[in-house]
Amino acid sequence: MPLLRLMAGPDNEDTGCTAMKIGSVTDVRIQGLTVIDVEDNGRTRVSSDLKKAQQRAADFLKSRGAIVKKTKIAGLEKSFDIWASMLSASDQESFSASLGGGTAIHPMSEMIKWSMRISDHTLPSLVLAFSEKLFQHMPVRTKRLVDAGLRLREELVNQIGTNGIMLYPSYSRPAPKHKRPLLTPFDFAYTAILNMMELPVTQVPLGLNEEGLPLGIQVVSVHGNDHVTIAVALELEKAFGGWVPPHIGLLENA
């Protein structure tokens, strides 16, 4: 609880950090809790390992008296486009400017430098900076996607409810090999969209797959329900053992 109070604010610096009532983790009951089980975003496939792990988590919560509903959320299939548009439309410092230490970089120039291994930035960050600039030149489309993002936020809040959580994948597959995510650069949208929705999320480890790689899910709730996601995470941790290190032997054999 002290940590939750520390996170709550306000901090007298960020005008967006407002006072918020903080609930108690110990007051959360799994019995009667609404659990929205969403297995993917409708566009990016999720590995069978992660789906099975999420199903185990849903089944456990159901066994404890939770009301589990497997469903799909309209709008999640546009996760990356919504995220990029809302980021582009934000009045905060642009991502390009953040990369440049306050002065916006030129993504294409940096990509050329990256191809010669002389850029200070990674390729994914440059792709993101390029996407941000691209959306800035499409104001009508960006406005349409920002509106879609606001509708998605409302839909998520309505589906989850004041006494509920959503189970949602953290990524499309267990930890990939280095540089492999470059082949599917938009899969990070599984976490990015919830950040843009400003919803509380707790990442929960759920053991290892047969190759010794970590499995996990996101537990999501509505604004002000950080204590609910943490309480559910603690229950899942008790049931599935919490975080365990990847099994080096299995990884070497794989």
# chains A, B, ... in the order shown; residues from 1 in each chain; ligands from 1

$ residues_around --residues "stretch 176-190 of chain A" --least-positions-apart "3" --cutoff "7 Å" --atoms "only C-alpha atoms" --output "PyMOL selection string"
chain A and resi 44+79-80+169-172+193

$ closest_atom_pairs --of "stretch 20-113 of chain A" --to "stretch 140-164 of chain A" --cutoff "9 Å" --atoms "only C-alpha atoms" --output "tab-separated table"
residue	atom	partner	partner_atom	distance
A:Gly32	CA	A:Asn163	CA	8.5
A:Leu33	CA	A:Gly164	CA	5.5
A:Thr34	CA	A:Gly164	CA	4.3
A:Val35	CA	A:Gly164	CA	5.7
A:Ile36	CA	A:Ile160	CA	6.4
A:Ile73	CA	A:Leu156	CA	7.3
A:Ala74	CA	A:Leu152	CA	7.3
A:Gly75	CA	A:Leu152	CA	5.7
A:Leu76	CA	A:Leu152	CA	7.4
A:Lys78	CA	A:Leu145	CA	8.4
A:Ser79	CA	A:Gly149	CA	8.4
A:Asp81	CA	A:Leu145	CA	6.9
A:Ile82	CA	A:Leu145	CA	5.3
A:Trp83	CA	A:Gly149	CA	7.7
A:Ala84	CA	A:Thr142	CA	8.6
A:Ser85	CA	A:Thr142	CA	5.2
A:Met86	CA	A:Val146	CA	5.4
A:Ser88	CA	A:Thr142	CA	8.0
A:Ala89	CA	A:Thr142	CA	7.5

$ select_by_dssp --residues "stretch 74-193 of chain A" --states "strand (DSSP E or B)" --output "compact mmCIF listing (two decimals) with N, CA and C atoms, in the first residue's frame"
# COMPACT_ATOMS: atom_id res chain seq x y z
N GLY A 164 -13.95 -5.46 -11.94
CA GLY A 164 -13.51 -6.47 -12.90
C GLY A 164 -12.09 -6.26 -13.37
N ILE A 165 -11.61 -7.24 -14.12
CA ILE A 165 -10.29 -7.16 -14.74
C ILE A 165 -10.38 -7.77 -16.14
N MET A 166 -9.37 -7.52 -16.93
CA MET A 166 -9.25 -8.16 -18.23
C MET A 166 -7.94 -8.92 -18.29
N LEU A 167 -7.98 -10.15 -18.78
CA LEU A 167 -6.77 -10.91 -19.06
C LEU A 167 -6.42 -10.69 -20.52
N TYR A 168 -5.15 -10.34 -20.80
CA TYR A 168 -4.77 -9.97 -22.15
C TYR A 168 -3.30 -10.33 -22.38
N PRO A 169 -2.95 -10.82 -23.57
CA PRO A 169 -1.55 -11.19 -23.82
C PRO A 169 -0.61 -9.99 -23.69

$ residues_around --residues "stretch 199-202 of chain A" --least-positions-apart "4" --cutoff "7 Å" --atoms "only C-alpha atoms" --output "list in words"
Leu194, Asn195, Gln218, Val219, Val220, Ser221, Val222, His223, Asn225, Asp226, Thr229, Ile230 and Ala233 of chain A

$ residues_around --residues "stretch 47-57 of chain A" --least-positions-apart "4" --cutoff "8 Å" --atoms "only C-alpha atoms" --output "VMD selection string"
chain A and resid 39 61 167 to 169 172 to 174 206 209 215 to 217 236

$ write_last_selection --atoms "C-alpha atoms" --output "mmCIF file, in the first residue's frame"
data_model
loop_
_atom_site.group_PDB
_atom_site.id
_atom_site.type_symbol
_atom_site.label_atom_id
_atom_site.label_comp_id
_atom_site.auth_asym_id
_atom_site.auth_seq_id
_atom_site.Cartn_x
_atom_site.Cartn_y
_atom_site.Cartn_z
ATOM 1 C CA GLU A 39 -7.070 -13.939 -26.144
ATOM 2 C CA LEU A 61 -9.873 -17.540 -11.298
ATOM 3 C CA LEU A 167 -6.767 -10.909 -19.055
ATOM 4 C CA TYR A 168 -4.765 -9.975 -22.151
ATOM 5 C CA PRO A 169 -1.549 -11.195 -23.821
ATOM 6 C CA SER A 172 2.507 -12.353 -29.617
ATOM 7 C CA ARG A 173 4.880 -15.119 -28.427
ATOM 8 C CA PRO A 174 7.325 -16.050 -25.662
ATOM 9 C CA LEU A 206 2.964 -17.875 -15.478
ATOM 10 C CA ASN A 209 6.973 -23.280 -21.798
ATOM 11 C CA LEU A 215 5.109 -17.156 -20.116
ATOM 12 C CA GLY A 216 2.877 -14.412 -18.790
ATOM 13 C CA ILE A 217 -0.204 -12.247 -19.203
ATOM 14 C CA LEU A 236 -2.043 -15.967 -9.723
#
